[in-house]
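S.K.: See structure29.txt below, with compact mmCIF, C-alpha atoms.
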# COMPACT_ATOMS: atom_id res chain seq x y z
CA MET A 1 4.80 3.44 -8.39
CA THR A 2 5.06 -0.32 -8.96
CA ASP A 3 6.52 0.29 -12.42
CA LEU A 4 9.70 1.36 -10.57
CA MET A 5 9.90 -1.97 -8.79
CA PRO A 6 10.89 -4.92 -10.93
CA GLU A 7 10.56 -8.34 -9.42
CA GLY A 8 13.62 -9.87 -7.86
CA ARG A 9 16.31 -7.91 -6.06
CA TRP A 10 14.22 -4.77 -5.40
CA ALA A 11 11.32 -6.80 -4.05
CA LYS A 12 13.65 -8.83 -1.82
CA ILE A 13 15.25 -5.69 -0.40
CA LEU A 14 11.90 -4.03 0.29
CA ASP A 15 10.51 -7.22 1.81
CA LEU A 16 13.53 -7.51 4.11
CA ALA A 17 13.33 -3.84 5.15
CA SER A 18 9.55 -3.62 5.43
CA ASP A 19 9.22 -4.35 9.14
CA ARG A 20 12.62 -3.38 10.57
CA ALA A 21 15.80 -1.52 9.68
CA VAL A 22 18.47 -3.68 8.06
CA ARG A 23 22.13 -3.01 7.39
CA ARG A 24 23.93 -3.42 4.09
CA PRO A 25 25.67 -6.76 4.94
CA GLU A 26 22.33 -8.28 5.91
CA ILE A 27 20.78 -7.08 2.65
CA TYR A 28 23.74 -8.49 0.72
CA HIS A 29 23.48 -11.94 2.33
CA ALA A 30 19.72 -12.10 1.87
CA THR A 31 19.62 -10.97 -1.76
CA ARG A 32 22.76 -12.26 -3.45
CA SER A 33 21.97 -14.66 -6.22
CA GLY A 34 25.33 -16.40 -6.51
CA ARG A 35 25.22 -16.01 -10.28
CA HIS A 36 27.92 -13.32 -10.32
CA PRO A 37 31.26 -12.80 -8.56
CA GLY A 38 30.96 -11.23 -5.09
CA LYS A 39 32.16 -7.77 -6.12
CA LEU A 40 29.63 -7.56 -8.96
CA GLU A 41 26.84 -8.76 -6.63
CA ARG A 42 27.72 -6.00 -4.14
CA VAL A 43 27.65 -3.37 -6.90
CA LYS A 44 24.26 -4.58 -8.17
CA ILE A 45 22.81 -4.60 -4.65
CA TRP A 46 24.24 -1.17 -3.82
CA ARG A 47 22.75 0.23 -7.05
CA ALA A 48 19.38 -1.31 -6.20
CA ILE A 49 19.51 0.29 -2.73
CA GLY A 50 20.39 3.66 -4.32
CA ASN A 51 17.60 3.38 -6.87
CA LEU A 52 15.06 2.41 -4.21
CA THR A 53 16.18 5.36 -2.07
CA ARG A 54 15.97 7.83 -4.98
CA ALA A 55 12.51 6.49 -5.86
CA GLY A 56 11.38 7.16 -2.27
CA LEU A 57 10.74 3.47 -1.54
CA LEU A 58 13.61 3.03 0.93
CA THR A 59 15.17 5.36 3.47
CA HIS A 60 18.39 5.23 5.46
CA THR A 61 18.37 5.68 9.23
CA ARG A 62 21.05 5.25 11.89
CA GLN A 63 19.84 1.69 12.40
CA GLY A 64 20.01 0.83 8.69
CA PHE A 65 17.73 0.84 5.67
CA LEU A 66 13.97 0.82 6.12
CA ALA A 67 11.14 0.65 3.58
CA THR A 68 9.05 3.82 3.45
CA ASP A 69 5.25 3.78 3.45
CA ASP A 70 5.40 4.08 -0.36
CA GLY A 71 7.84 1.16 -0.48
CA ARG A 72 5.60 -1.07 1.62
CA ARG A 73 2.61 -0.07 -0.49
CA ALA A 74 4.49 -0.87 -3.72
CA LEU A 75 5.54 -4.22 -2.28
CA ARG A 76 1.94 -5.09 -1.32
CA GLU A 77 0.76 -4.13 -4.81
CA ALA A 78 3.48 -6.27 -6.40
CA HIS A 79 2.52 -9.26 -4.22
CA ARG A 80 -1.14 -8.69 -5.05
CA GLY A 81 -0.27 -8.59 -8.76
CA GLN A 82 1.60 -11.90 -8.53
CA ASN A 83 -1.23 -13.62 -6.66
CA GLY A 84 -4.17 -12.35 -8.54
Can I see the file as structure tokens?
M.R.:
Amino acid sequence: MTDLMPEGRWAKILDLASDRAVRRPEIYHATRSGRHPGKLERVKIWRAIGNLTRAGLLTHTRQGFLATDDGRRALREAHRGQNG
């Protein structure tokens, strides 16, 4: 499953949503790179959220977006791969 999760934006979103539900504006502020205009950043982040959701790594609840068990597992594996 980690082949679905490139480093960068996806990892930041999963890390942010791994222990609590987060809303879209919070995800945007935490993951924007500043390299692109605001509208393009929002589109890239929204696509990443959609891709994570379709891959089963992120789910949407009333409180916001939350990493699934598979998402947290993929994030741990990615961190393990970077450190070792």
S.K.: I need the residue nearest His79 of chain A from this list: A:Arg62, A:Ala30, A:Arg24, A:Ala11. Use all atoms listed in the file for the distance.
M.R.: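 Ranked by minimum distance to His79 of chain A, first place goes to A:Ala11.
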S.K.: Name all residues at most 12 Å from Pro25 of chain A (count only C-alpha atoms; drop same-chain ones fewer than 5 positions away) and give them as a PDB file with C-alpha atoms, in the frame of the given file.
M.R.:
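Output saved as part-v8.pdb:
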ATOM      1  CA  ILE A  13      15.250  -5.690  -0.400  1.00  0.00           C
ATOM      2  CA  ALA A  30      19.720 -12.100   1.870  1.00  0.00           C
ATOM      3  CA  THR A  31      19.620 -10.970  -1.760  1.00  0.00           C
ATOM      4  CA  ARG A  32      22.760 -12.260  -3.450  1.00  0.00           C
ATOM      5  CA  GLU A  41      26.840  -8.760  -6.630  1.00  0.00           C
ATOM      6  CA  ARG A  42      27.720  -6.000  -4.140  1.00  0.00           C
ATOM      7  CA  ILE A  45      22.810  -4.600  -4.650  1.00  0.00           C
ATOM      8  CA  TRP A  46      24.240  -1.170  -3.820  1.00  0.00           C
ATOM      9  CA  GLY A  64      20.010   0.830   8.690  1.00  0.00           C
ATOM     10  CA  PHE A  65      17.730   0.840   5.670  1.00  0.00           C
TER      11      PHE A  65
END
S.K.: Would you compute the distance between atom CA of Ser18 of chain A and atom CA of Ala67 of chain A? Give it in Å to one decimal.
M.R.: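 Atom CA of Ala67 of chain A lies 4.9 Å from atom CA of Ser18 of chain A.
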S.K.: Have a look at A:Arg80, A:His29, A:Asp69, A:Trp10 and name the one nearest to Gly50 of chain A; count only C-alpha atoms.
M.R.: A:Trp10
S.K.: What is the distance, in Å and to one decimal place, between atom CA of Pro37 of chain A and atom CA of Thr61 of chain A?
M.R.: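 A separation of 28.7 Å between them.
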S.K.: Using all atoms listed in the file, give me every residue within 12 Å of (15.6, 4.3, -4.5) in file coordinates, as a PyMOL selection string.
M.R.: chain A and resi 1+4-5+10-11+13-14+45-60+65-68+70-71
S.K.: Could you state the separation of atom CA of Glu77 of chain A and atom CA of His36 of chain A in Å, given to one decimal place?
M.R.: 29.2 Å
S.K.: If I wrap all listed atoms of segment 11-24 of chain A in a box with edges along x, y and z and add 3 Å on each side, what are its centre and edge lengths in Å to one decimal, as JSON?
M.R.:
{"center_x": 16.6, "center_y": -5.2, "center_z": 3.3, "size_x": 20.7, "size_y": 13.3, "size_z": 20.6}
S.K.: Given all atoms listed in the file as the basis, pick out the residue of A:Asp15, A:Arg9, A:Ala78, A:Arg20 nearest to Ser33 of chain A.
M.R.: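 For Ser33 of chain A, the nearest of the candidates is A:Arg9.
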S.K.: Of the candidates A:Ala17, A:Arg73, A:Gln63, A:Gly8, which shows the shortest atom-to-atom distance to Lys44 of chain A, using only C-alpha atoms?
M.R.: A:Gly8
